[in-house]
$ cat upload11.pdb   # PDB, C-alpha atoms
MODEL        1
ATOM      1  CA  MET A   4       0.000   0.000   0.000
ATOM      2  CA  ALA A   5       1.340   3.425  -0.965
ATOM      3  CA  LYS A   6       2.173   5.795   1.842
ATOM      4  CA  PRO A   7      -0.074   8.855   2.176
ATOM      5  CA  VAL A   8       1.570  11.902   0.645
ATOM      6  CA  VAL A   9       2.116  15.139   2.581
ATOM      7  CA  LEU A  10       3.132  18.225   0.612
ATOM      8  CA  VAL A  11       5.367  20.399   2.805
ATOM      9  CA  ILE A  12       5.675  23.928   1.454
ATOM     10  CA  GLY A  13       8.813  25.524   2.870
ATOM     11  CA  GLY A  14      10.137  22.102   3.790
ATOM     12  CA  ALA A  15      13.775  23.218   3.549
ATOM     13  CA  GLY A  16      13.215  25.761   6.303
ATOM     14  CA  TYR A  17      13.588  25.536  10.060
ATOM     15  CA  ILE A  18      10.150  24.262  11.049
ATOM     16  CA  GLY A  19       9.411  22.485   7.765
ATOM     17  CA  SER A  20      12.556  20.358   7.950
ATOM     18  CA  HIS A  21      11.673  19.166  11.451
ATOM     19  CA  VAL A  22       8.110  18.408  10.363
ATOM     20  CA  ILE A  23       9.488  16.190   7.603
ATOM     21  CA  VAL A  24      11.412  14.065  10.116
ATOM     22  CA  GLU A  25       8.269  13.495  12.158
ATOM     23  CA  VAL A  26       5.914  12.733   9.253
ATOM     24  CA  VAL A  27       8.380  10.167   7.855
ATOM     25  CA  ALA A  28       8.553   8.552  11.291
ATOM     26  CA  LYS A  29       4.766   8.210  11.265
ATOM     27  CA  GLY A  30       4.581   6.554   7.860
ATOM     28  CA  TYR A  31       3.881   9.490   5.551
ATOM     29  CA  HIS A  32       5.690  10.279   2.315
ATOM     30  CA  PRO A  33       6.747  13.952   2.270
ATOM     31  CA  VAL A  34       7.108  16.006  -0.898
ATOM     32  CA  VAL A  35       8.984  19.260  -0.398
ATOM     33  CA  ILE A  36       8.529  22.589  -2.174
ATOM     34  CA  ASP A  37      10.869  25.472  -1.391
ATOM     35  CA  ASN A  38      12.227  28.479  -3.255
ATOM     36  CA  PHE A  39      15.029  29.238  -0.754
ATOM     37  CA  SER A  40      13.873  32.829  -0.335
ATOM     38  CA  ASN A  41      14.723  32.569   3.359
ATOM     39  CA  SER A  42      17.255  29.746   3.504
ATOM     40  CA  VAL A  43      20.515  28.526   1.991
ATOM     41  CA  LYS A  44      20.504  25.949  -0.757
ATOM     42  CA  GLY A  45      23.952  24.542   0.021
ATOM     43  CA  SER A  46      26.078  22.344  -2.225
ATOM     44  CA  GLY A  47      25.592  18.985  -3.913
ATOM     45  CA  PRO A  48      23.043  17.421  -6.265
ATOM     46  CA  LYS A  49      20.323  18.160  -3.726
ATOM     47  CA  PRO A  50      20.145  21.067  -1.276
ATOM     48  CA  GLN A  51      22.208  20.288   1.792
ATOM     49  CA  VAL A  52      19.250  20.347   4.162
ATOM     50  CA  ILE A  53      17.477  17.754   1.982
ATOM     51  CA  GLN A  54      20.596  15.583   1.977
ATOM     52  CA  ARG A  55      20.731  15.773   5.753
ATOM     53  CA  LEU A  56      17.032  14.936   6.053
ATOM     54  CA  GLU A  57      17.594  11.830   3.960
ATOM     55  CA  THR A  58      20.417  10.815   6.303
ATOM     56  CA  ILE A  59      18.288  11.356   9.414
ATOM     57  CA  THR A  60      15.186   9.611   8.067
ATOM     58  CA  GLY A  61      16.850   6.935   5.940
ATOM     59  CA  SER A  62      14.348   7.836   3.220
ATOM     60  CA  GLN A  63      14.426   9.549  -0.145
ATOM     61  CA  ILE A  64      12.905  13.019   0.010
ATOM     62  CA  ASP A  65      11.171  14.237  -3.149
ATOM     63  CA  PHE A  66      12.160  17.871  -3.567
ATOM     64  CA  TYR A  67      11.098  20.595  -6.011
ATOM     65  CA  GLU A  68      12.550  24.080  -6.175
ATOM     66  CA  VAL A  69       9.374  26.011  -6.946
ATOM     67  CA  ASP A  70       8.019  29.403  -5.942
ATOM     68  CA  MET A  71       4.489  29.440  -4.512
ATOM     69  CA  ALA A  72       3.640  32.240  -6.963
ATOM     70  CA  ASP A  73       4.587  30.013  -9.922
ATOM     71  CA  LYS A  74       1.241  28.464 -10.824
ATOM     72  CA  ALA A  75       2.621  26.303 -13.633
ATOM     73  CA  GLY A  76       5.461  25.071 -11.439
ATOM     74  CA  LEU A  77       3.050  24.156  -8.650
ATOM     75  CA  GLN A  78       0.753  22.371 -11.070
ATOM     76  CA  SER A  79       3.642  20.253 -12.334
ATOM     77  CA  VAL A  80       4.320  19.126  -8.761
ATOM     78  CA  PHE A  81       0.660  18.344  -8.095
ATOM     79  CA  ASP A  82       0.509  16.303 -11.298
ATOM     80  CA  LYS A  83       3.317  14.095  -9.966
ATOM     81  CA  VAL A  84       2.028  13.591  -6.398
ATOM     82  CA  MET A  85      -1.811  13.653  -6.603
ATOM     83  CA  LYS A  86      -4.084  11.609  -8.849
ATOM     84  CA  HIS A  87      -6.729  14.192  -9.689
ATOM     85  CA  ASN A  88      -5.535  17.171  -7.639
ATOM     86  CA  LYS A  89      -8.570  16.742  -5.382
ATOM     87  CA  CYS A  90      -6.846  17.579  -2.131
ATOM     88  CA  TYR A  91      -9.060  19.483   0.299
ATOM     89  CA  ASN A  92      -6.966  19.203   3.432
ATOM     90  CA  ILE A  93      -4.625  21.938   4.607
ATOM     91  CA  ILE A  94      -2.627  22.745   7.728
ATOM     92  CA  PHE A  95      -1.653  26.400   7.909
ATOM     93  CA  SER A  96       1.343  27.598   9.893
ATOM     94  CA  SER A  97      -0.118  30.562  11.702
ATOM     95  CA  SER A  98       1.265  32.456  14.669
ATOM     96  CA  ALA A  99       0.378  33.673  18.143
ATOM     97  CA  THR A 100       1.024  37.172  16.787
ATOM     98  CA  VAL A 101      -2.550  37.135  15.415
ATOM     99  CA  TYR A 102      -3.702  37.743  19.005
ATOM    100  CA  GLY A 103      -1.933  41.113  19.098
ATOM    101  CA  ASN A 104      -1.298  42.635  22.518
ATOM    102  CA  PRO A 105      -3.170  40.104  24.672
ATOM    103  CA  ASP A 106      -6.238  41.034  26.689
ATOM    104  CA  TYR A 107      -5.552  38.189  29.102
ATOM    105  CA  LEU A 108      -2.993  35.482  29.815
ATOM    106  CA  PRO A 109      -2.558  32.646  29.153
ATOM    107  CA  ILE A 110      -4.097  33.063  25.710
ATOM    108  CA  ASP A 111      -6.580  30.448  24.529
ATOM    109  CA  GLU A 112      -8.144  30.041  21.114
ATOM    110  CA  LYS A 113     -11.229  32.054  22.180
ATOM    111  CA  HIS A 114      -9.112  35.199  22.458
ATOM    112  CA  SER A 115      -9.929  37.809  19.820
ATOM    113  CA  VAL A 116      -7.675  38.001  16.783
ATOM    114  CA  GLY A 117      -6.861  40.811  14.373
ATOM    115  CA  GLN A 118      -7.217  43.612  16.899
ATOM    116  CA  GLY A 119      -4.100  45.315  18.152
ATOM    117  CA  ILE A 120      -1.694  43.280  16.009
ATOM    118  CA  THR A 121       1.680  44.938  16.502
ATOM    119  CA  ASN A 122       3.619  43.935  13.374
ATOM    120  CA  PRO A 123       3.169  43.164   9.636
ATOM    121  CA  TYR A 124       4.072  39.495  10.147
ATOM    122  CA  GLY A 125       1.126  38.962  12.465
ATOM    123  CA  ARG A 126      -1.207  40.896  10.176
ATOM    124  CA  THR A 127      -0.218  38.716   7.212
ATOM    125  CA  LYS A 128      -0.916  35.549   9.205
ATOM    126  CA  TYR A 129      -4.277  36.964  10.282
ATOM    127  CA  PHE A 130      -5.297  37.766   6.686
ATOM    128  CA  ILE A 131      -4.468  34.246   5.526
ATOM    129  CA  GLU A 132      -6.423  32.771   8.445
ATOM    130  CA  GLU A 133      -9.440  34.828   7.374
ATOM    131  CA  ILE A 134      -9.132  33.630   3.764
ATOM    132  CA  LEU A 135      -9.022  29.999   4.903
ATOM    133  CA  LYS A 136     -11.986  30.515   7.241
ATOM    134  CA  ASP A 137     -14.007  31.936   4.361
ATOM    135  CA  LEU A 138     -12.942  29.047   2.132
ATOM    136  CA  SER A 139     -14.091  26.468   4.667
ATOM    137  CA  LYS A 140     -17.497  28.188   4.930
ATOM    138  CA  ALA A 141     -17.964  28.456   1.182
ATOM    139  CA  GLU A 142     -16.741  24.976   0.255
ATOM    140  CA  LYS A 143     -17.709  22.389   2.842
ATOM    141  CA  GLU A 144     -15.407  19.665   1.494
ATOM    142  CA  TRP A 145     -12.399  21.535   2.880
ATOM    143  CA  ASN A 146     -10.748  20.536   6.150
ATOM    144  CA  VAL A 147      -8.533  23.286   7.565
ATOM    145  CA  VAL A 148      -6.380  23.261  10.696
ATOM    146  CA  LEU A 149      -4.848  26.565  11.761
ATOM    147  CA  LEU A 150      -1.861  26.051  14.036
ATOM    148  CA  ARG A 151      -0.888  29.136  16.008
ATOM    149  CA  TYR A 152       2.778  28.762  16.861
ATOM    150  CA  PHE A 153       4.321  30.371  19.870
ATOM    151  CA  ASN A 154       8.161  30.613  19.959
ATOM    152  CA  PRO A 155      10.008  27.597  18.503
ATOM    153  CA  VAL A 156      13.489  26.903  19.882
ATOM    154  CA  GLY A 157      16.024  24.089  19.581
ATOM    155  CA  SER A 158      16.798  21.604  16.840
ATOM    156  CA  HIS A 159      16.790  17.918  16.020
ATOM    157  CA  GLU A 160      18.903  16.110  18.602
ATOM    158  CA  SER A 161      21.320  14.944  15.896
ATOM    159  CA  GLY A 162      22.475  18.533  15.413
ATOM    160  CA  MET A 163      22.188  18.029  11.646
ATOM    161  CA  ILE A 164      19.264  20.379  11.033
ATOM    162  CA  GLY A 165      18.344  23.609  12.774
ATOM    163  CA  GLU A 166      17.474  27.263  12.436
ATOM    164  CA  ASN A 167      19.575  28.939   9.765
ATOM    165  CA  PRO A 168      18.724  32.662   9.702
ATOM    166  CA  GLN A 169      20.085  34.791   6.888
ATOM    167  CA  GLY A 170      21.940  37.898   8.017
ATOM    168  CA  VAL A 171      21.154  39.233  11.479
ATOM    169  CA  PRO A 172      18.648  36.944  13.228
ATOM    170  CA  ASN A 173      15.252  38.490  13.920
ATOM    171  CA  ASN A 174      14.452  36.133  16.789
ATOM    172  CA  LEU A 175      16.058  36.046  20.214
ATOM    173  CA  MET A 176      17.480  32.544  20.532
ATOM    174  CA  PRO A 177      19.326  32.255  17.195
ATOM    175  CA  PHE A 178      20.991  35.542  18.105
ATOM    176  CA  VAL A 179      21.855  34.298  21.603
ATOM    177  CA  ALA A 180      23.302  31.106  20.115
ATOM    178  CA  GLN A 181      25.446  33.079  17.689
ATOM    179  CA  VAL A 182      26.827  35.113  20.589
ATOM    180  CA  ALA A 183      27.520  31.900  22.509
ATOM    181  CA  VAL A 184      29.499  30.474  19.577
ATOM    182  CA  GLY A 185      31.479  33.706  19.139
ATOM    183  CA  LYS A 186      29.885  34.829  15.894
ATOM    184  CA  ARG A 187      28.456  38.026  17.411
ATOM    185  CA  PRO A 188      29.733  40.172  20.300
ATOM    186  CA  CYS A 189      26.627  40.577  22.473
ATOM    187  CA  VAL A 190      22.862  40.293  22.718
ATOM    188  CA  LYS A 191      20.760  43.436  22.777
ATOM    189  CA  VAL A 192      17.976  43.245  25.363
ATOM    190  CA  PHE A 193      15.194  45.481  24.080
ATOM    191  CA  GLY A 194      13.456  46.859  27.150
ATOM    192  CA  THR A 195      14.076  46.159  30.826
ATOM    193  CA  ASP A 196      11.151  48.138  32.255
ATOM    194  CA  TYR A 197       8.218  45.914  31.329
ATOM    195  CA  ASP A 198       5.762  44.789  34.011
ATOM    196  CA  THR A 199       7.310  41.335  34.172
ATOM    197  CA  PRO A 200       9.282  39.500  36.891
ATOM    198  CA  ASP A 201      12.681  40.882  35.783
ATOM    199  CA  GLY A 202      11.548  43.739  33.539
ATOM    200  CA  THR A 203      12.334  41.994  30.252
ATOM    201  CA  GLY A 204       9.852  40.573  27.753
ATOM    202  CA  VAL A 205       8.233  37.230  28.531
ATOM    203  CA  ARG A 206       7.432  34.582  25.915
ATOM    204  CA  ASP A 207       6.207  31.002  25.586
ATOM    205  CA  TYR A 208       9.015  28.900  24.089
ATOM    206  CA  ILE A 209       8.393  25.488  22.562
ATOM    207  CA  HIS A 210      10.881  22.915  21.285
ATOM    208  CA  VAL A 211      10.727  22.747  17.490
ATOM    209  CA  VAL A 212      10.379  18.945  17.610
ATOM    210  CA  ASP A 213       7.298  19.308  19.826
ATOM    211  CA  LEU A 214       5.985  21.781  17.277
ATOM    212  CA  ALA A 215       6.629  19.225  14.537
ATOM    213  CA  THR A 216       4.771  16.462  16.375
ATOM    214  CA  GLY A 217       1.854  18.880  16.647
ATOM    215  CA  HIS A 218       1.637  18.812  12.851
ATOM    216  CA  VAL A 219       1.443  15.018  12.835
ATOM    217  CA  ALA A 220      -1.407  15.240  15.357
ATOM    218  CA  ALA A 221      -3.119  17.769  13.082
ATOM    219  CA  LEU A 222      -2.825  15.364  10.126
ATOM    220  CA  LYS A 223      -4.789  12.811  12.143
ATOM    221  CA  LYS A 224      -7.455  15.429  12.845
ATOM    222  CA  LEU A 225      -7.799  16.154   9.106
ATOM    223  CA  LYS A 226      -8.594  12.481   8.486
ATOM    224  CA  GLU A 227     -11.681  12.851  10.689
ATOM    225  CA  GLY A 228     -13.201  15.387   8.302
ATOM    226  CA  CYS A 229     -12.783  18.046  10.947
ATOM    227  CA  GLY A 230     -13.942  21.151   9.049
ATOM    228  CA  LEU A 231     -12.189  24.209  10.452
ATOM    229  CA  LYS A 232     -10.121  23.841  13.635
ATOM    230  CA  VAL A 233      -7.777  26.250  15.426
ATOM    231  CA  TYR A 234      -5.115  25.222  17.940
ATOM    232  CA  ASN A 235      -2.378  26.873  19.931
ATOM    233  CA  LEU A 236       0.928  25.030  19.776
ATOM    234  CA  SER A 237       2.571  26.238  22.954
ATOM    235  CA  SER A 238       4.266  24.862  26.026
ATOM    236  CA  GLY A 239       2.101  26.802  28.459
ATOM    237  CA  ASN A 240       5.287  27.962  30.206
ATOM    238  CA  PHE A 241       6.921  31.361  29.986
ATOM    239  CA  TYR A 242      10.438  32.714  30.300
ATOM    240  CA  SER A 243      11.971  36.159  30.145
ATOM    241  CA  VAL A 244      14.779  37.308  27.862
ATOM    242  CA  LEU A 245      17.239  37.081  30.754
ATOM    243  CA  ASP A 246      15.982  33.591  31.641
ATOM    244  CA  MET A 247      16.764  32.478  28.088
ATOM    245  CA  ILE A 248      20.241  33.985  28.130
ATOM    246  CA  LYS A 249      21.030  32.208  31.405
ATOM    247  CA  ALA A 250      19.681  28.900  30.075
ATOM    248  CA  MET A 251      21.891  29.196  26.991
ATOM    249  CA  GLU A 252      24.912  29.988  29.157
ATOM    250  CA  LYS A 253      24.210  26.753  31.030
ATOM    251  CA  ALA A 254      23.874  24.704  27.835
ATOM    252  CA  SER A 255      26.940  26.139  26.114
ATOM    253  CA  GLY A 256      29.210  26.626  29.110
ATOM    254  CA  ASN A 257      30.013  30.078  27.744
ATOM    255  CA  LYS A 258      29.345  33.512  29.175
ATOM    256  CA  ILE A 259      26.919  35.456  27.000
ATOM    257  CA  ALA A 260      27.382  39.221  27.009
ATOM    258  CA  TYR A 261      24.281  41.376  26.702
ATOM    259  CA  GLU A 262      23.502  45.061  26.442
ATOM    260  CA  GLU A 263      20.332  46.651  27.792
ATOM    261  CA  THR A 264      18.641  49.077  25.413
ATOM    262  CA  GLU A 265      15.276  50.730  24.736
ATOM    263  CA  ARG A 266      12.113  48.853  23.929
ATOM    264  CA  ARG A 267      11.643  47.735  20.336
ATOM    265  CA  GLU A 268       8.573  48.934  18.480
ATOM    266  CA  GLY A 269       6.032  46.162  17.986
ATOM    267  CA  ASP A 270       7.083  44.048  20.985
ATOM    268  CA  VAL A 271       4.501  43.181  23.635
ATOM    269  CA  PRO A 272       5.449  42.766  27.314
ATOM    270  CA  ALA A 273       4.206  39.196  27.730
ATOM    271  CA  MET A 274       2.791  36.496  25.472
ATOM    272  CA  TYR A 275       2.151  32.914  26.509
ATOM    273  CA  GLY A 276      -0.446  30.382  25.563
ATOM    274  CA  ASN A 277      -2.915  27.882  26.906
ATOM    275  CA  PRO A 278      -2.383  24.573  25.049
ATOM    276  CA  ALA A 279      -5.295  22.744  26.724
ATOM    277  CA  LEU A 280      -7.430  22.486  23.575
ATOM    278  CA  ALA A 281      -4.640  20.837  21.564
ATOM    279  CA  GLU A 282      -4.049  18.416  24.415
ATOM    280  CA  LYS A 283      -7.759  17.552  24.553
ATOM    281  CA  GLU A 284      -8.598  17.306  20.842
ATOM    282  CA  LEU A 285      -5.244  16.432  19.247
ATOM    283  CA  GLU A 286      -3.896  14.390  22.174
ATOM    284  CA  TRP A 287      -0.755  16.481  21.818
ATOM    285  CA  LYS A 288       1.436  18.072  24.450
ATOM    286  CA  ALA A 289       4.862  19.722  24.482
ATOM    287  CA  THR A 290       7.194  17.470  26.480
ATOM    288  CA  ARG A 291      10.689  18.939  26.003
ATOM    289  CA  ASP A 292      11.771  21.457  28.640
ATOM    290  CA  LEU A 293      13.909  24.605  28.476
ATOM    291  CA  ASP A 294      17.167  22.761  29.171
ATOM    292  CA  LYS A 295      16.462  20.386  26.280
ATOM    293  CA  MET A 296      15.643  23.298  23.959
ATOM    294  CA  CYS A 297      18.952  24.986  24.717
ATOM    295  CA  GLU A 298      21.029  21.785  24.686
ATOM    296  CA  ASP A 299      19.762  20.901  21.212
ATOM    297  CA  LEU A 300      20.105  24.473  19.953
ATOM    298  CA  TRP A 301      23.706  24.576  21.168
ATOM    299  CA  ARG A 302      24.508  21.228  19.518
ATOM    300  CA  TRP A 303      23.254  22.583  16.172
ATOM    301  CA  GLN A 304      24.991  25.961  16.540
ATOM    302  CA  SER A 305      28.328  24.578  17.732
ATOM    303  CA  GLN A 306      28.451  21.913  15.005
ATOM    304  CA  ASN A 307      27.241  24.326  12.300
ATOM    305  CA  PRO A 308      28.499  27.805  13.227
ATOM    306  CA  ASN A 309      27.722  29.039   9.692
ATOM    307  CA  GLY A 310      24.556  27.040   9.225
ATOM    308  CA  TYR A 311      24.294  25.115   5.965
ATOM    309  CA  GLU A 312      26.798  27.326   4.150
TER     310      GLU A 312
ENDMDL
END

$ encode --input "upload11.pdb" --output "structure tokens"
Amino acid sequence: MAKPVVLVIGGAGYIGSHVIVEVVAKGYHPVVIDNFSNSVKGSGPKPQVIQRLETITGSQIDFYEVDMADKAGLQSVFDKVMKHNKCYNIIFSSSATVYGNPDYLPIDEKHSVGQGITNPYGRTKYFIEEILKDLSKAEKEWNVVLLRYFNPVGSHESGMIGENPQGVPNNLMPFVAQVAVGKRPCVKVFGTDYDTPDGTGVRDYIHVVDLATGHVAALKKLKEGCGLKVYNLSSGNFYSVLDMIKAMEKASGNKIAYEETERREGDVPAMYGNPALAEKELEWKATRDLDKMCEDLWRWQSQNPNGYE
């Protein structure tokens, strides 16, 4: 019997690559589309991240370098992996940023979205969510799962795949890891006067492998003919910027210099989620703690100081 096919758009990226490992482990056949707009292709007959995924999984990964805006290119991929192109199941990688500046904490899926969004990234995710919600109302054959990510950290425990930001990292932990490995001089802490335990911003961090297993759980939900579903993928725990720096110092054994500076526009003081609905309906729960996140992140960063380059 042929394995069920999962098309992973952006599968050469940080989260997509970890999702591929988990879907292979659960008996799916992944097909990857990526245009490398936000990642490095690397050397060899296949992109380096795809080569590494094949080593980790022991499976051949079907890969196509296609841009999502290239309709003809996408159609050629669909012709190869789907019999009649009648696929009405989609998992969308959304974000907790759709909640904006939260009205209450921890945030559950009943929290309002779209109001008070503080950055263009969150607004883009919100718009796509709305499009998919409208689609599911208009065409009842569609099954849509919106996964609202909190803050993914860490890497596969092999250290072979991980976050590979281009230029200056936008997120805290890749920057902290680059300071720990000596690639950058210090971390800038944007704001130390928030109403939080130590004055720095508080976030809900989740191990990227836990995030990936959440996608496998969502695939099972699609099989039920679930209609439209929305889930937070979060740990339910929260840590400050200084907590994260200290945890990375512990994992790396290196002192991490940091510089306190003014708040950054668009940042909210605190953001952490309630993952109870995902635990109830998807039977999913984040199990890897902060030490594990930082240990795995350090293994990736120390073994690959320049990423896939």

$ residues_around --input "upload11.pdb" --residues "Thr127 of chain A" --least-positions-apart "2" --cutoff "12 Å" --atoms "only C-alpha atoms" --output "ChimeraX atom specification"
/A:96-98,100-101,117,120-125,129-134

$ resolve_selection --input "upload11.pdb" --expression "the PyMOL selection byres ((chain A and resi 214-230) around 7)" --output "list in words"
His21, Val22, Glu25, Val26, Asn92, Ser139, Trp145, Asn146, Val147, Val148, Ile209, His210, Val211, Val212, Asp213, Leu231, Lys232, Leu236, Leu285 and Trp287 of chain A

$ atom_distance --input "upload11.pdb" --atom1 "atom CA of Gly269 of chain A" --atom2 "atom CA of Ile110 of chain A"
18.3 Å

$ residues_around --input "upload11.pdb" --residues "segment 167-177 of chain A" --least-positions-apart "2" --cutoff "7 Å" --atoms "all atoms listed in the file" --output "PDB file with C-alpha atoms, keeping the file's coordinate frame"
ATOM      1  CA  TYR A  17      13.588  25.536  10.060  1.00  0.00           C
ATOM      2  CA  ASN A  41      14.723  32.569   3.359  1.00  0.00           C
ATOM      3  CA  SER A  42      17.255  29.746   3.504  1.00  0.00           C
ATOM      4  CA  VAL A 156      13.489  26.903  19.882  1.00  0.00           C
ATOM      5  CA  GLY A 165      18.344  23.609  12.774  1.00  0.00           C
ATOM      6  CA  VAL A 179      21.855  34.298  21.603  1.00  0.00           C
ATOM      7  CA  ALA A 180      23.302  31.106  20.115  1.00  0.00           C
ATOM      8  CA  GLN A 181      25.446  33.079  17.689  1.00  0.00           C
ATOM      9  CA  GLY A 310      24.556  27.040   9.225  1.00  0.00           C
TER      10      GLY A 310
END

$ resolve_selection --input "upload11.pdb" --expression "the PyMOL selection byres ((chain A and resi 7) around 9)" --output "mmCIF file with C-alpha atoms, in the frame of the given file"
data_model
loop_
_atom_site.group_PDB
_atom_site.id
_atom_site.type_symbol
_atom_site.label_atom_id
_atom_site.label_comp_id
_atom_site.auth_asym_id
_atom_site.auth_seq_id
_atom_site.Cartn_x
_atom_site.Cartn_y
_atom_site.Cartn_z
ATOM 1 C CA ALA A 5 1.340 3.425 -0.965
ATOM 2 C CA LYS A 6 2.173 5.795 1.842
ATOM 3 C CA VAL A 8 1.570 11.902 0.645
ATOM 4 C CA VAL A 9 2.116 15.139 2.581
ATOM 5 C CA GLY A 30 4.581 6.554 7.860
ATOM 6 C CA TYR A 31 3.881 9.490 5.551
ATOM 7 C CA HIS A 32 5.690 10.279 2.315
ATOM 8 C CA PRO A 33 6.747 13.952 2.270
#

$ residues_around --input "upload11.pdb" --residues "Gly239 of chain A" --least-positions-apart "5" --cutoff "8 Å" --atoms "only C-alpha atoms" --output "PyMOL selection string"
chain A and resi 109+207+275-278

$ closest_residue --input "upload11.pdb" --among "A:Pro155, A:Gly204, A:Pro308, A:Gly256" --to "Ser238 of chain A" --atoms "only C-alpha atoms"
A:Pro155

$ atom_distance --input "upload11.pdb" --atom1 "atom CA of Ile248 of chain A" --atom2 "atom CA of Ala273 of chain A"
16.9 Å

$ closest_residue --input "upload11.pdb" --among "A:Glu284, A:Asp37, A:Asp196, A:Asp270" --to "Asn235 of chain A" --atoms "all atoms listed in the file"
A:Glu284

$ build_atoms --input "upload11.pdb" --residues "segment 193-199 of chain A" --atoms "all heavy atoms" --output "PDB file, in the coordinates of the input"
ATOM      1  N   PHE A 193      16.042  44.336  24.408  1.00  0.00           N
ATOM      2  CA  PHE A 193      15.194  45.481  24.080  1.00  0.00           C
ATOM      3  C   PHE A 193      14.121  45.680  25.149  1.00  0.00           C
ATOM      4  O   PHE A 193      13.063  45.053  25.106  1.00  0.00           O
ATOM      5  CB  PHE A 193      14.542  45.283  22.714  1.00  0.00           C
ATOM      6  CG  PHE A 193      15.523  45.222  21.580  1.00  0.00           C
ATOM      7  CD1 PHE A 193      15.905  44.003  21.028  1.00  0.00           C
ATOM      8  CD2 PHE A 193      16.077  46.385  21.073  1.00  0.00           C
ATOM      9  CE1 PHE A 193      16.810  43.944  19.981  1.00  0.00           C
ATOM     10  CE2 PHE A 193      16.987  46.338  20.019  1.00  0.00           C
ATOM     11  CZ  PHE A 193      17.360  45.113  19.478  1.00  0.00           C
ATOM     12  N   GLY A 194      14.425  46.538  26.109  1.00  0.00           N
ATOM     13  CA  GLY A 194      13.456  46.859  27.150  1.00  0.00           C
ATOM     14  C   GLY A 194      13.685  46.080  28.423  1.00  0.00           C
ATOM     15  O   GLY A 194      13.674  44.844  28.415  1.00  0.00           O
ATOM     16  N   THR A 195      13.895  46.799  29.509  1.00  0.00           N
ATOM     17  CA  THR A 195      14.076  46.159  30.826  1.00  0.00           C
ATOM     18  C   THR A 195      13.115  46.749  31.847  1.00  0.00           C
ATOM     19  O   THR A 195      13.285  46.543  33.044  1.00  0.00           O
ATOM     20  CB  THR A 195      15.526  46.343  31.318  1.00  0.00           C
ATOM     21  OG1 THR A 195      15.827  47.755  31.377  1.00  0.00           O
ATOM     22  CG2 THR A 195      16.511  45.644  30.408  1.00  0.00           C
ATOM     23  N   ASP A 196      12.102  47.468  31.360  1.00  0.00           N
ATOM     24  CA  ASP A 196      11.151  48.138  32.255  1.00  0.00           C
ATOM     25  C   ASP A 196       9.710  47.672  32.040  1.00  0.00           C
ATOM     26  O   ASP A 196       8.758  48.381  32.360  1.00  0.00           O
ATOM     27  CB  ASP A 196      11.236  49.652  32.074  1.00  0.00           C
ATOM     28  CG  ASP A 196      10.959  50.095  30.635  1.00  0.00           C
ATOM     29  OD1 ASP A 196      10.911  49.222  29.744  1.00  0.00           O
ATOM     30  OD2 ASP A 196      10.795  51.312  30.419  1.00  0.00           O
ATOM     31  N   TYR A 197       9.555  46.479  31.476  1.00  0.00           N
ATOM     32  CA  TYR A 197       8.218  45.914  31.329  1.00  0.00           C
ATOM     33  C   TYR A 197       7.685  45.446  32.694  1.00  0.00           C
ATOM     34  O   TYR A 197       8.465  45.184  33.623  1.00  0.00           O
ATOM     35  CB  TYR A 197       8.233  44.716  30.379  1.00  0.00           C
ATOM     36  CG  TYR A 197       8.455  45.063  28.921  1.00  0.00           C
ATOM     37  CD1 TYR A 197       9.631  44.693  28.270  1.00  0.00           C
ATOM     38  CD2 TYR A 197       7.476  45.726  28.189  1.00  0.00           C
ATOM     39  CE1 TYR A 197       9.826  44.989  26.927  1.00  0.00           C
ATOM     40  CE2 TYR A 197       7.661  46.021  26.841  1.00  0.00           C
ATOM     41  CZ  TYR A 197       8.837  45.655  26.219  1.00  0.00           C
ATOM     42  OH  TYR A 197       9.027  45.944  24.896  1.00  0.00           O
ATOM     43  N   ASP A 198       6.382  45.294  32.789  1.00  0.00           N
ATOM     44  CA  ASP A 198       5.762  44.789  34.011  1.00  0.00           C
ATOM     45  C   ASP A 198       5.823  43.263  34.009  1.00  0.00           C
ATOM     46  O   ASP A 198       4.825  42.564  33.850  1.00  0.00           O
ATOM     47  CB  ASP A 198       4.312  45.273  34.095  1.00  0.00           C
ATOM     48  CG  ASP A 198       3.639  44.862  35.412  1.00  0.00           C
ATOM     49  OD1 ASP A 198       4.382  44.516  36.360  1.00  0.00           O
ATOM     50  OD2 ASP A 198       2.395  44.892  35.471  1.00  0.00           O
ATOM     51  N   THR A 199       7.037  42.770  34.153  1.00  0.00           N
ATOM     52  CA  THR A 199       7.310  41.335  34.172  1.00  0.00           C
ATOM     53  C   THR A 199       8.250  41.054  35.344  1.00  0.00           C
ATOM     54  O   THR A 199       8.790  41.982  35.941  1.00  0.00           O
ATOM     55  CB  THR A 199       7.977  40.881  32.857  1.00  0.00           C
ATOM     56  OG1 THR A 199       9.204  41.609  32.687  1.00  0.00           O
ATOM     57  CG2 THR A 199       7.064  41.147  31.662  1.00  0.00           C
TER      58      THR A 199
END
